[in-house]
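> Input run.cif, format and content: mmCIF, C-alpha atoms.
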data_query
loop_
_atom_site.label_atom_id
_atom_site.label_comp_id
_atom_site.auth_asym_id
_atom_site.auth_seq_id
_atom_site.Cartn_x
_atom_site.Cartn_y
_atom_site.Cartn_z
CA MET G 1 -26.27 4.81 104.13
CA LEU G 2 -24.09 2.24 102.37
CA ARG G 3 -21.70 0.29 104.54
CA LYS G 4 -18.30 -0.99 103.48
CA ASN G 5 -18.07 -4.77 102.98
CA GLU G 6 -21.85 -5.15 102.87
CA ILE G 7 -23.26 -7.15 99.92
CA TYR G 8 -26.24 -5.83 97.93
CA PRO G 9 -28.24 -7.21 94.97
CA VAL G 10 -28.10 -4.76 92.02
CA THR G 11 -28.99 -4.31 88.37
CA PHE G 12 -26.50 -2.32 86.28
CA ALA G 13 -27.81 0.52 84.12
CA GLY G 14 -25.14 2.04 81.90
CA TYR G 15 -21.47 2.92 82.24
CA SER G 16 -19.27 5.63 83.67
CA ALA G 17 -16.93 7.59 81.38
CA GLU G 18 -14.17 5.14 82.34
CA GLY G 19 -16.30 2.12 81.40
CA LEU G 20 -17.24 1.06 84.93
CA GLY G 21 -20.67 -0.46 85.41
CA VAL G 22 -23.15 1.89 87.13
CA CYS G 23 -25.87 0.92 89.58
CA ARG G 24 -27.81 2.59 92.40
CA ILE G 25 -28.25 1.31 95.92
CA ASP G 26 -30.67 3.23 98.13
CA GLY G 27 -30.38 6.13 95.69
CA GLN G 28 -26.57 6.28 95.84
CA VAL G 29 -24.47 5.76 92.70
CA VAL G 30 -22.08 2.81 92.82
CA PHE G 31 -19.34 2.14 90.26
CA VAL G 32 -18.19 -1.45 89.65
CA ALA G 33 -15.31 -2.54 87.42
CA GLY G 34 -16.02 -5.42 85.06
CA ALA G 35 -19.81 -4.99 85.09
CA LEU G 36 -21.92 -4.74 81.94
CA ASP G 37 -25.09 -2.80 81.26
CA GLY G 38 -28.21 -4.82 82.13
CA GLU G 39 -26.47 -7.43 84.27
CA ARG G 40 -27.74 -8.48 87.70
CA ALA G 41 -25.23 -9.26 90.42
CA GLU G 42 -24.45 -9.29 94.11
CA VAL G 43 -21.99 -6.46 94.79
CA ARG G 44 -19.73 -5.96 97.78
CA ILE G 45 -19.11 -2.31 98.70
CA VAL G 46 -15.35 -1.66 98.92
CA LYS G 47 -15.24 2.13 99.24
CA VAL G 48 -17.82 4.72 100.32
CA LEU G 49 -17.42 8.40 99.54
CA LYS G 50 -19.73 11.34 100.15
CA GLN G 51 -21.41 11.35 96.73
CA LEU G 52 -20.69 7.87 95.41
CA ALA G 53 -19.30 4.43 96.20
CA TYR G 54 -17.27 1.67 94.58
CA GLY G 55 -17.97 -2.04 94.65
CA ARG G 56 -16.92 -5.35 93.17
CA ILE G 57 -18.95 -8.24 91.85
CA GLU G 58 -19.20 -11.06 94.38
CA ARG G 59 -21.63 -13.19 92.36
CA LEU G 60 -22.95 -12.66 88.86
CA LEU G 61 -26.67 -13.53 88.82
CA GLU G 62 -27.50 -12.75 85.19
CA ALA G 63 -24.80 -12.13 82.60
CA SER G 64 -25.12 -9.84 79.59
CA PRO G 65 -25.11 -11.53 76.17
CA HIS G 66 -22.21 -9.17 75.38
CA ARG G 67 -19.98 -10.57 78.14
CA ILE G 68 -16.93 -12.48 76.89
CA VAL G 69 -13.98 -14.21 78.52
CA SER G 70 -10.89 -12.00 78.34
CA ASP G 71 -8.16 -13.25 76.01
CA CYS G 72 -5.43 -11.43 77.97
CA PRO G 73 -3.79 -13.01 81.06
CA TYR G 74 -2.95 -9.54 82.42
CA PHE G 75 -6.45 -8.10 82.04
CA VAL G 76 -7.34 -7.88 85.73
CA GLN G 77 -3.98 -6.55 86.96
CA CYS G 78 -2.90 -4.26 84.11
CA GLY G 79 -4.23 -0.72 83.84
CA GLY G 80 -3.95 -0.67 80.05
CA CYS G 81 -7.06 -1.98 78.31
CA SER G 82 -10.19 -2.32 80.46
CA MET G 83 -12.86 -3.42 77.96
CA ARG G 84 -11.81 -7.02 77.33
CA HIS G 85 -14.79 -8.40 79.26
CA MET G 86 -17.27 -7.17 76.59
CA ASP G 87 -17.59 -7.84 72.87
CA TYR G 88 -16.60 -5.11 70.44
CA ALA G 89 -20.18 -4.25 69.49
CA GLU G 90 -20.93 -3.37 73.12
CA GLU G 91 -17.69 -1.40 73.39
CA LEU G 92 -18.70 0.75 70.42
CA ARG G 93 -22.17 1.23 71.91
CA PHE G 94 -20.53 2.39 75.15
CA LYS G 95 -18.32 4.85 73.26
CA GLN G 96 -21.24 6.20 71.28
CA GLY G 97 -23.17 6.67 74.52
CA ARG G 98 -20.21 8.41 76.12
CA ILE G 99 -19.99 11.02 73.34
CA ARG G 100 -23.78 11.45 73.13
CA ASP G 101 -24.18 11.84 76.88
CA ALA G 102 -21.43 14.48 77.07
CA LEU G 103 -22.79 16.54 74.15
CA THR G 104 -26.34 16.35 75.47
CA ARG G 105 -25.75 16.79 79.19
CA ILE G 106 -22.72 19.14 79.17
CA GLY G 107 -22.96 20.72 75.73
CA GLY G 108 -26.73 21.17 75.71
CA VAL G 109 -26.97 20.10 72.06
CA ASP G 110 -28.57 17.23 70.17
CA PRO G 111 -25.82 15.37 68.27
CA GLY G 112 -28.27 13.57 66.02
CA GLU G 113 -27.31 10.20 64.52
CA LEU G 114 -23.72 10.14 65.89
CA PRO G 115 -22.08 7.13 64.24
CA VAL G 116 -18.91 5.63 65.73
CA LEU G 117 -16.44 4.25 63.21
CA GLY G 118 -15.10 1.01 64.62
CA ALA G 119 -11.64 -0.39 63.92
CA GLU G 120 -11.05 -3.30 61.59
CA GLU G 121 -8.26 -4.50 63.90
CA THR G 122 -8.68 -4.44 67.67
CA ASP G 123 -5.32 -6.09 68.42
CA GLY G 124 -1.80 -5.11 67.37
CA TYR G 125 -2.86 -1.63 66.28
CA ARG G 126 -0.61 0.52 68.49
CA ASN G 127 2.44 1.97 66.76
CA LYS G 128 3.90 3.26 70.03
CA ALA G 129 4.76 1.05 72.99
CA LEU G 130 5.83 2.69 76.23
CA PHE G 131 6.98 0.29 78.95
CA PRO G 132 7.82 1.54 82.45
CA VAL G 133 10.67 -0.41 84.03
CA GLY G 134 10.53 -1.77 87.56
CA GLU G 135 12.14 -4.40 89.72
CA ALA G 136 10.93 -7.67 91.22
CA ASP G 137 13.02 -10.08 93.29
CA GLY G 138 16.13 -8.09 92.41
CA ALA G 139 15.62 -8.40 88.65
CA PRO G 140 14.40 -5.80 86.13
CA ILE G 141 10.85 -6.10 84.81
CA ALA G 142 8.87 -4.06 82.29
CA GLY G 143 5.21 -3.87 81.39
CA PHE G 144 2.47 -1.44 82.35
CA TYR G 145 1.33 0.34 85.47
CA ARG G 146 -1.37 -1.22 87.58
CA ALA G 147 -4.50 0.96 87.47
CA ARG G 148 -4.20 4.16 89.55
CA SER G 149 -0.66 3.32 90.68
CA HIS G 150 2.98 3.23 89.60
CA ASP G 151 3.30 -0.48 90.39
CA VAL G 152 4.72 -2.16 87.28
CA VAL G 153 2.86 -5.27 86.12
CA PRO G 154 5.37 -7.37 84.12
CA VAL G 155 3.97 -8.25 80.68
CA GLU G 156 5.55 -10.81 78.38
CA ARG G 157 3.29 -10.07 75.40
CA CYS G 158 0.80 -7.21 75.03
CA ARG G 159 -2.00 -7.86 72.54
CA LEU G 160 -2.34 -4.18 71.63
CA GLN G 161 1.30 -3.79 70.57
CA ALA G 162 3.23 -4.99 67.56
CA ALA G 163 5.11 -8.23 68.30
CA HIS G 164 8.51 -6.60 67.73
CA ALA G 165 7.81 -4.11 70.56
CA ASP G 166 7.70 -6.96 73.08
CA ALA G 167 10.70 -8.60 71.41
CA ALA G 168 12.73 -5.40 71.91
CA LYS G 169 11.54 -5.06 75.51
CA ASN G 170 12.44 -8.63 76.40
CA ALA G 171 15.87 -8.34 74.75
CA ILE G 172 16.67 -5.16 76.69
CA LEU G 173 15.61 -6.76 79.98
CA THR G 174 17.93 -9.73 79.29
CA TRP G 175 20.77 -7.31 78.48
CA MET G 176 20.09 -5.41 81.74
CA ARG G 177 20.29 -8.59 83.80
CA GLU G 178 23.49 -9.75 82.09
CA ASN G 179 25.16 -6.35 82.54
CA ARG G 180 23.68 -5.65 85.99
CA VAL G 181 22.17 -2.38 84.83
CA SER G 182 20.16 -0.70 87.58
CA VAL G 183 16.47 0.18 87.47
CA TYR G 184 15.37 3.75 88.15
CA ASP G 185 13.75 4.33 91.56
CA GLU G 186 11.44 7.35 91.28
CA THR G 187 11.16 7.77 95.06
CA GLN G 188 14.93 8.24 95.43
CA ASN G 189 15.75 9.50 91.94
CA LYS G 190 18.45 6.83 91.66
CA GLY G 191 19.15 4.05 89.18
CA LEU G 192 19.51 4.14 85.41
CA VAL G 193 16.78 2.72 83.15
CA ARG G 194 13.37 4.41 83.47
CA HIS G 195 11.32 3.47 80.40
CA LEU G 196 11.58 1.47 77.19
CA TYR G 197 9.93 3.02 74.15
CA VAL G 198 9.31 1.40 70.75
CA ARG G 199 7.85 3.34 67.82
CA SER G 200 6.71 1.47 64.70
CA ALA G 201 6.00 2.89 61.25
CA PHE G 202 3.38 0.50 59.90
CA GLY G 203 3.34 2.22 56.51
CA THR G 204 7.05 1.65 55.86
CA GLY G 205 7.94 -1.15 58.28
CA GLN G 206 10.59 0.93 60.05
CA VAL G 207 11.15 0.64 63.82
CA LEU G 208 12.72 2.97 66.41
CA VAL G 209 13.78 1.70 69.84
CA CYS G 210 14.47 4.22 72.60
CA VAL G 211 15.85 3.59 76.09
CA VAL G 212 15.08 6.36 78.60
CA VAL G 213 17.75 6.70 81.28
CA ASN G 214 18.55 8.74 84.36
CA GLY G 215 22.06 9.49 83.15
CA LYS G 216 24.21 10.29 80.14
CA LYS G 217 25.22 6.79 79.08
CA LEU G 218 24.83 3.06 79.69
CA PRO G 219 27.44 0.37 80.28
CA ASN G 220 28.16 -1.85 77.28
CA GLU G 221 26.12 0.20 74.82
CA ASP G 222 27.48 -1.86 71.92
CA GLY G 223 26.09 -4.97 73.59
CA LEU G 224 22.71 -3.28 73.93
CA VAL G 225 22.69 -2.41 70.23
CA ASP G 226 23.61 -5.99 69.29
CA ALA G 227 20.86 -7.40 71.52
CA ILE G 228 18.17 -5.15 70.04
CA ARG G 229 19.26 -5.74 66.44
CA LYS G 230 19.23 -9.49 66.96
CA ALA G 231 15.76 -9.45 68.55
CA VAL G 232 14.29 -6.92 66.08
CA PRO G 233 15.96 -7.32 62.65
CA GLU G 234 13.72 -4.59 61.17
CA VAL G 235 15.00 -1.92 63.59
CA ASN G 236 16.26 1.25 61.89
CA SER G 237 17.08 3.48 64.85
CA ILE G 238 18.29 2.92 68.43
CA VAL G 239 18.25 6.02 70.59
CA LEU G 240 19.20 6.92 74.16
CA ALA G 241 16.93 9.51 75.81
CA VAL G 242 18.29 11.37 78.84
CA ASN G 243 15.78 12.26 81.56
CA ARG G 244 17.33 13.12 84.93
CA GLU G 245 14.35 15.03 86.30
CA GLN G 246 12.05 13.86 89.07
CA THR G 247 8.94 14.00 86.95
CA ASN G 248 6.15 11.86 85.52
CA ALA G 249 7.13 13.04 82.03
CA VAL G 250 8.72 10.11 80.22
CA LEU G 251 11.04 11.71 77.67
CA GLY G 252 13.68 14.31 78.40
CA ALA G 253 15.14 17.04 76.21
CA GLU G 254 18.41 15.29 75.25
CA TYR G 255 18.80 12.41 72.78
CA ARG G 256 21.75 10.46 71.47
CA THR G 257 21.57 7.98 68.61
CA LEU G 258 23.36 4.76 69.50
CA TRP G 259 22.90 3.12 66.10
CA GLY G 260 21.20 3.78 62.79
CA ALA G 261 19.16 6.82 61.81
CA ASP G 262 18.06 9.61 64.11
CA VAL G 263 14.45 9.24 62.93
CA ILE G 264 12.17 6.81 61.12
CA GLU G 265 9.69 7.55 58.34
CA ASP G 266 6.03 6.65 57.91
CA THR G 267 3.27 7.36 55.42
CA LEU G 268 -0.10 8.77 56.47
CA CYS G 269 -2.91 9.93 54.17
CA GLY G 270 -0.54 9.72 51.21
CA LEU G 271 2.05 11.94 52.92
CA ASN G 272 5.50 11.11 54.29
CA PHE G 273 6.40 11.96 57.90
CA ARG G 274 9.68 11.77 59.83
CA LEU G 275 9.21 10.52 63.38
CA SER G 276 11.62 11.07 66.24
CA PRO G 277 10.97 9.78 69.78
CA ARG G 278 9.44 13.15 70.68
CA SER G 279 7.13 13.52 67.64
CA PHE G 280 3.39 13.45 68.29
CA TYR G 281 1.77 10.84 66.09
CA GLN G 282 -1.54 9.06 66.47
CA VAL G 283 -1.00 5.56 67.87
CA ASN G 284 -3.47 3.94 65.47
CA ARG G 285 -2.37 4.72 61.92
CA LYS G 286 -5.29 3.15 60.06
CA GLN G 287 -7.94 4.81 62.20
CA ALA G 288 -6.04 8.12 62.20
CA GLN G 289 -6.27 8.18 58.41
CA ARG G 290 -10.03 7.69 58.66
CA LEU G 291 -10.29 10.40 61.33
CA TYR G 292 -8.32 12.92 59.27
CA ALA G 293 -10.39 12.10 56.19
CA ILE G 294 -13.52 12.96 58.19
CA ALA G 295 -11.97 16.23 59.39
CA ARG G 296 -10.99 17.07 55.82
CA GLU G 297 -14.53 16.38 54.60
CA LYS G 298 -16.08 18.52 57.34
CA ALA G 299 -13.69 21.41 56.60
CA ALA G 300 -14.95 21.36 52.96
CA LEU G 301 -12.16 23.61 51.70
CA THR G 302 -11.53 24.93 48.20
CA LYS G 303 -8.51 26.66 46.65
CA ASN G 304 -10.12 29.99 47.48
CA ASP G 305 -10.17 29.19 51.20
CA THR G 306 -7.79 29.75 54.11
CA ALA G 307 -7.76 27.33 57.03
CA ILE G 308 -6.12 27.67 60.44
CA ASP G 309 -4.98 24.53 62.24
CA LEU G 310 -4.51 25.30 65.93
CA TYR G 311 -2.58 22.70 67.95
CA CYS G 312 -1.07 21.49 64.67
CA GLY G 313 1.66 19.33 66.24
CA THR G 314 3.99 18.09 63.53
CA GLY G 315 1.58 19.21 60.82
CA THR G 316 -0.35 16.03 60.01
CA ILE G 317 -3.82 17.60 59.79
CA SER G 318 -2.44 20.81 58.26
CA LEU G 319 -0.84 18.94 55.37
CA VAL G 320 -3.99 16.90 54.79
CA LEU G 321 -6.05 20.11 54.63
CA ALA G 322 -3.51 21.72 52.28
CA LYS G 323 -4.56 19.29 49.54
CA ASP G 324 -7.81 21.25 49.21
CA ALA G 325 -7.13 24.75 50.60
CA GLY G 326 -5.58 27.85 49.15
CA GLU G 327 -3.55 28.32 52.34
CA VAL G 328 -3.24 26.55 55.67
CA ILE G 329 -1.71 28.19 58.75
CA GLY G 330 -0.53 25.79 61.45
CA VAL G 331 0.11 26.85 65.04
CA GLU G 332 1.78 24.88 67.86
CA VAL G 333 3.34 25.87 71.18
CA ILE G 334 6.21 23.33 71.02
CA PRO G 335 9.16 24.69 68.98
CA ALA G 336 10.48 21.26 68.02
CA ALA G 337 7.07 20.25 66.68
CA ILE G 338 6.92 23.37 64.50
CA GLU G 339 10.35 22.58 63.06
CA ASP G 340 9.12 19.06 62.31
CA ALA G 341 5.98 20.49 60.68
CA LYS G 342 8.03 22.78 58.43
CA GLU G 343 10.29 19.90 57.46
CA ASN G 344 7.30 17.62 56.80
CA ALA G 345 5.80 20.26 54.50
CA ALA G 346 9.08 20.56 52.59
CA ARG G 347 9.47 16.79 52.32
CA ASN G 348 6.01 16.47 50.78
CA GLY G 349 6.37 19.45 48.47
CA VAL G 350 3.53 21.32 50.19
CA GLU G 351 3.98 25.04 49.50
CA ASN G 352 0.59 26.36 50.65
CA ALA G 353 1.08 25.60 54.36
CA ARG G 354 3.00 27.78 56.81
CA PHE G 355 3.69 27.23 60.48
CA PHE G 356 4.66 29.33 63.46
CA CYS G 357 5.27 28.67 67.12
CA ALA G 358 2.91 30.26 69.64
CA ASP G 359 0.38 29.45 72.29
CA ALA G 360 -2.93 28.66 70.59
CA GLY G 361 -4.74 31.50 72.33
CA GLU G 362 -2.05 34.07 71.57
CA ALA G 363 -1.76 32.91 67.97
CA ALA G 364 -5.50 32.99 67.38
CA ALA G 365 -5.68 36.50 68.82
CA ARG G 366 -2.71 37.61 66.69
CA LEU G 367 -4.26 36.23 63.51
CA ALA G 368 -7.57 37.86 64.38
CA LYS G 369 -5.82 41.24 64.82
CA GLU G 370 -4.15 40.78 61.45
CA GLY G 371 -7.63 40.59 59.98
CA ILE G 372 -7.25 37.02 58.78
CA ARG G 373 -10.70 35.54 58.38
CA PRO G 374 -10.34 31.84 57.68
CA THR G 375 -13.07 29.81 56.06
CA ALA G 376 -12.41 27.06 58.58
CA VAL G 377 -10.61 26.69 61.89
CA VAL G 378 -9.55 23.17 62.82
CA VAL G 379 -8.63 22.35 66.40
CA ASP G 380 -7.21 19.15 67.84
CA PRO G 381 -6.35 20.21 71.41
CA PRO G 382 -4.93 18.14 74.29
CA ARG G 383 -7.32 16.46 76.70
CA LYS G 384 -7.97 19.69 78.62
CA GLY G 385 -9.64 21.22 75.56
CA LEU G 386 -9.68 24.86 74.44
CA SER G 387 -8.86 27.80 76.67
CA GLU G 388 -11.26 30.73 76.91
CA ASP G 389 -8.98 32.99 74.87
CA VAL G 390 -8.95 30.46 72.01
CA ILE G 391 -12.76 30.37 72.03
CA GLU G 392 -12.85 34.17 72.01
CA ALA G 393 -10.29 34.48 69.20
CA ILE G 394 -12.20 31.97 67.05
CA ALA G 395 -15.32 34.05 67.56
CA VAL G 396 -13.45 37.23 66.51
CA MET G 397 -12.10 35.58 63.34
CA SER G 398 -15.62 34.30 62.66
CA PRO G 399 -14.84 31.35 60.38
CA ASP G 400 -17.73 29.76 58.53
CA ARG G 401 -16.85 26.37 59.98
CA VAL G 402 -15.11 25.04 63.08
CA VAL G 403 -13.92 21.42 62.92
CA TYR G 404 -13.15 20.11 66.39
CA VAL G 405 -11.17 16.88 66.79
CA SER G 406 -11.17 15.70 70.40
CA CYS G 407 -9.83 12.88 72.55
CA ASP G 408 -12.09 13.79 75.49
CA PRO G 409 -15.89 13.96 75.06
CA GLY G 410 -16.28 15.96 78.28
CA THR G 411 -14.08 18.91 77.32
CA LEU G 412 -15.35 18.71 73.74
CA ALA G 413 -18.91 19.13 74.99
CA ARG G 414 -17.92 22.02 77.26
CA ASP G 415 -16.29 23.84 74.34
CA VAL G 416 -19.19 23.11 72.00
CA LYS G 417 -21.46 24.84 74.49
CA LEU G 418 -19.14 27.88 74.59
CA LEU G 419 -18.99 28.03 70.79
CA THR G 420 -22.76 27.82 70.49
CA GLU G 421 -22.92 30.82 72.80
CA LYS G 422 -20.67 32.62 70.28
CA GLY G 423 -23.10 32.04 67.42
CA TYR G 424 -22.20 28.55 66.16
CA SER G 425 -24.48 25.53 65.75
CA LEU G 426 -23.55 21.87 65.93
CA VAL G 427 -24.14 20.37 62.48
CA SER G 428 -22.70 16.87 62.82
CA ALA G 429 -20.79 14.68 65.24
CA GLU G 430 -19.19 11.28 65.00
CA GLY G 431 -16.72 9.11 66.81
CA VAL G 432 -13.70 7.23 65.51
CA ASP G 433 -12.34 4.42 67.66
CA LEU G 434 -8.56 4.82 67.68
CA PHE G 435 -8.19 2.92 70.96
CA PRO G 436 -10.02 -0.44 70.83
CA ARG G 437 -10.31 -2.35 74.13
CA THR G 438 -9.86 0.86 76.14
CA PRO G 439 -12.50 3.43 77.18
CA HIS G 440 -10.89 6.18 75.09
CA VAL G 441 -12.45 7.43 71.85
CA GLU G 442 -11.80 10.24 69.38
CA SER G 443 -14.59 12.55 68.22
CA CYS G 444 -14.91 14.91 65.28
CA VAL G 445 -17.66 17.54 65.20
CA LEU G 446 -18.59 20.28 62.76
CA LEU G 447 -19.94 23.62 63.95
CA CYS G 448 -21.18 26.24 61.49
CA ARG G 449 -21.64 29.95 62.02
CA GLU G 450 -25.30 30.85 62.19
#
Represent the supplied structure as structure tokens.


Amino acid sequence: MLRKNEIYPVTFAGYSAEGLGVCRIDGQVVFVAGALDGERAEVRIVKVLKQLAYGRIERLLEASPHRIVSDCPYFVQCGGCSMRHMDYAEELRFKQGRIRDALTRIGGVDPGELPVLGAEETDGYRNKALFPVGEADGAPIAGFYRARSHDVVPVERCRLQAAHADAAKNAILTWMRENRVSVYDETQNKGLVRHLYVRSAFGTGQVLVCVVVNGKKLPNEDGLVDAIRKAVPEVNSIVLAVNREQTNAVLGAEYRTLWGADVIEDTLCGLNFRLSPRSFYQVNRKQAQRLYAIAREKAALTKNDTAIDLYCGTGTISLVLAKDAGEVIGVEVIPAAIEDAKENAARNGVENARFFCADAGEAAARLAKEGIRPTAVVVDPPRKGLSEDVIEAIAVMSPDRVVYVSCDPGTLARDVKLLTEKGYSLVSAEGVDLFPRTPHVESCVLLCRE
């Protein structure tokens, strides 16, 4: 039995899904942050649970050739990126192993070659910065949450974000101090400023800055606008988001434009999209274009084909598929997203895509009852994956191909197993790294009806 605070010599063999190093001590699995596959170390046990334990490296005995010195001063404290202790080649190997392990162990399928498409840029790729606001020594701070907590780690410059995102953040914090604007306290549901949100359109250079508040207005809003415009000359839109609920959700339902346009515009896969604070949009534009190109290739549509895009969001994948298909039907449960999708189709002159608002399961069942038999069904669900009724409705519609885009290898593998039980076979699988220096990875798999 492992004992807390005891030190043990270990050799690490692989990673957890979160990127923690994995070792075994007396047959028990131990997870250790900052450890690399193949390394030898002395590990102190810090937490013992029934099935597993957690430790930390006390002394590194033999380092991996893939170990590097982190280039971020916040790496240990911040819960944002957790892979800055390994080189990028090892990070991609970890992500490939994560997808392969899930498909093999959970999905019961052999994914074959399984390439992972790495990013050309591992810094400055995020087009959305979301900074929680906190307080330290009576002054406002903003940065990112410490891992597994809501403690705000103040960050002057984040390497994953565009430089103007930090410039906007720092300007707003200075304005808050000068105007004595209060910080939101989630335990008491008091105070004003909750989050700072910066969205960047890398294709057009446009920038939207949003301040999320527990109230209807801010003092000296004109001063806030002046401060942001001075710090970020390229800003096109400054928006106030009202969120007065005691919730972990960041954005509320009410928005008021303080200056400039209500939305910004970006280009993706040769299409133009309008982005509001609430719009879903992949955070890595360059890699998203590569991901959608892969999904388009796997769908293999012609002008004689109909495709259904469940979980269509604001219509990005639908409009990409419409370039090849005879008709694309997009479905999304969020009414505002469907309105955005319709508008995006109109803006791009796409006439062979239609959208309607419904739960994915209900919509798939409705389309199946209407006798619509698509050539391909494309799904890009949230992290929780597909519900059982969506799986069943796909089986009833019996498309030739199912293209599954996923942000979670575990739920992807679970759903692949369910689809194989409905008569589909896994044909190909690959990863696309949209989130360098973090353990997250996107996958795209093709299943064909047997």

> Would you mind listing what lies within 7 Å of stretch 311-315 of chain G as a compact mmCIF listing (two decimals) with C-alpha atoms, in the frame of the given file, with all atoms listed in the file counted and same-chain residues fewer than 3 positions away left out?


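Contents of the output file selection26.txt:
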# COMPACT_ATOMS: atom_id res chain seq x y z
CA SER G 279 7.13 13.52 67.64
CA PHE G 280 3.39 13.45 68.29
CA SER G 318 -2.44 20.81 58.26
CA LEU G 319 -0.84 18.94 55.37
CA GLY G 330 -0.53 25.79 61.45
CA VAL G 331 0.11 26.85 65.04
CA GLU G 332 1.78 24.88 67.86
CA ALA G 337 7.07 20.25 66.68
CA ILE G 338 6.92 23.37 64.50
CA ASP G 340 9.12 19.06 62.31
CA ALA G 341 5.98 20.49 60.68
CA ALA G 360 -2.93 28.66 70.59
CA VAL G 379 -8.63 22.35 66.40
CA ASP G 380 -7.21 19.15 67.84
CA PRO G 381 -6.35 20.21 71.41

> From the set G:Leu160, G:Val432, G:Ala413, G:Ala35, which residue has the shortest atom-to-atom contact distance to G:Gly124, counting all atoms listed in the file?

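Ranking G:Leu160, G:Val432, G:Ala413, G:Ala35 by distance to G:Gly124, first place goes to G:Leu160.
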
> Please determine, counting only C-alpha atoms, which residue among G:Arg24, G:Asn5, G:Glu392, G:Lys95 has the shortest atom-to-atom distance to G:Lys422.

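Checking each of G:Arg24, G:Asn5, G:Glu392, G:Lys95 against G:Lys422, counting only C-alpha atoms, the winner is G:Glu392.
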
> When you count all atoms listed in the file, which of these residues is closest to G:Arg285: G:Cys158, G:Leu434, G:Ile45, G:Ile7?

G:Leu434

> Any idea what the distance is between atom CA of G:Glu120 and atom CA of G:Arg290?

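Between atom CA of G:Glu120 and atom CA of G:Arg290 the gap works out to 11.4 Å.
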
> On this structure, the PyMOL selection byres ((chain G and resi 106) around 12) would catch which residues? List them as a PyMOL selection string, sorted by chain and number.

chain G and resi 98-105+107-111+409-418

> Store the residues of this selection in a file with C-alpha atoms, as a PDB file, in the frame of the given file.


ATOM      1  CA  ARG G  98     -20.210   8.410  76.120  1.00  0.00           C
ATOM      2  CA  ILE G  99     -19.990  11.020  73.340  1.00  0.00           C
ATOM      3  CA  ARG G 100     -23.780  11.450  73.130  1.00  0.00           C
ATOM      4  CA  ASP G 101     -24.180  11.840  76.880  1.00  0.00           C
ATOM      5  CA  ALA G 102     -21.430  14.480  77.070  1.00  0.00           C
ATOM      6  CA  LEU G 103     -22.790  16.540  74.150  1.00  0.00           C
ATOM      7  CA  THR G 104     -26.340  16.350  75.470  1.00  0.00           C
ATOM      8  CA  ARG G 105     -25.750  16.790  79.190  1.00  0.00           C
ATOM      9  CA  GLY G 107     -22.960  20.720  75.730  1.00  0.00           C
ATOM     10  CA  GLY G 108     -26.730  21.170  75.710  1.00  0.00           C
ATOM     11  CA  VAL G 109     -26.970  20.100  72.060  1.00  0.00           C
ATOM     12  CA  ASP G 110     -28.570  17.230  70.170  1.00  0.00           C
ATOM     13  CA  PRO G 111     -25.820  15.370  68.270  1.00  0.00           C
ATOM     14  CA  PRO G 409     -15.890  13.960  75.060  1.00  0.00           C
ATOM     15  CA  GLY G 410     -16.280  15.960  78.280  1.00  0.00           C
ATOM     16  CA  THR G 411     -14.080  18.910  77.320  1.00  0.00           C
ATOM     17  CA  LEU G 412     -15.350  18.710  73.740  1.00  0.00           C
ATOM     18  CA  ALA G 413     -18.910  19.130  74.990  1.00  0.00           C
ATOM     19  CA  ARG G 414     -17.920  22.020  77.260  1.00  0.00           C
ATOM     20  CA  ASP G 415     -16.290  23.840  74.340  1.00  0.00           C
ATOM     21  CA  VAL G 416     -19.190  23.110  72.000  1.00  0.00           C
ATOM     22  CA  LYS G 417     -21.460  24.840  74.490  1.00  0.00           C
ATOM     23  CA  LEU G 418     -19.140  27.880  74.590  1.00  0.00           C
TER      24      LEU G 418
END

> What's the 6 Å shell around G:Met397, counting all atoms listed in the file, without same-chain residues fewer than 3 positions away, as a PyMOL selection string?

chain G and resi 368+373+394

> Taking 6 positions as the minimum chain separation for residues in the same chain, which residues sit within 12 Å of G:Arg93 when counting only C-alpha atoms? Answer as a PyMOL selection string.

chain G and resi 14-15+19+36-37+66+86-87+99-101+114-118+431+433+439+441

> Can you list, as a PyMOL selection string, the residues that the PyMOL selection byres ((chain G and resi 377) around 8) selects here?

chain G and resi 307-310+374-376+378-379+394+399+401-403

> Selected by the PyMOL selection byres ((chain G and resi 51) around 12) in the shown coordinates: which residues, as a PyMOL selection string?

chain G and resi 1-2+24+27-31+47-50+52-54

> Go ahead and save the picked residues with C-alpha atoms, as an mmCIF file, in the frame of the given file.


data_model
loop_
_atom_site.group_PDB
_atom_site.id
_atom_site.type_symbol
_atom_site.label_atom_id
_atom_site.label_comp_id
_atom_site.auth_asym_id
_atom_site.auth_seq_id
_atom_site.Cartn_x
_atom_site.Cartn_y
_atom_site.Cartn_z
ATOM 1 C CA MET G 1 -26.270 4.810 104.130
ATOM 2 C CA LEU G 2 -24.090 2.240 102.370
ATOM 3 C CA ARG G 24 -27.810 2.590 92.400
ATOM 4 C CA GLY G 27 -30.380 6.130 95.690
ATOM 5 C CA GLN G 28 -26.570 6.280 95.840
ATOM 6 C CA VAL G 29 -24.470 5.760 92.700
ATOM 7 C CA VAL G 30 -22.080 2.810 92.820
ATOM 8 C CA PHE G 31 -19.340 2.140 90.260
ATOM 9 C CA LYS G 47 -15.240 2.130 99.240
ATOM 10 C CA VAL G 48 -17.820 4.720 100.320
ATOM 11 C CA LEU G 49 -17.420 8.400 99.540
ATOM 12 C CA LYS G 50 -19.730 11.340 100.150
ATOM 13 C CA LEU G 52 -20.690 7.870 95.410
ATOM 14 C CA ALA G 53 -19.300 4.430 96.200
ATOM 15 C CA TYR G 54 -17.270 1.670 94.580
#
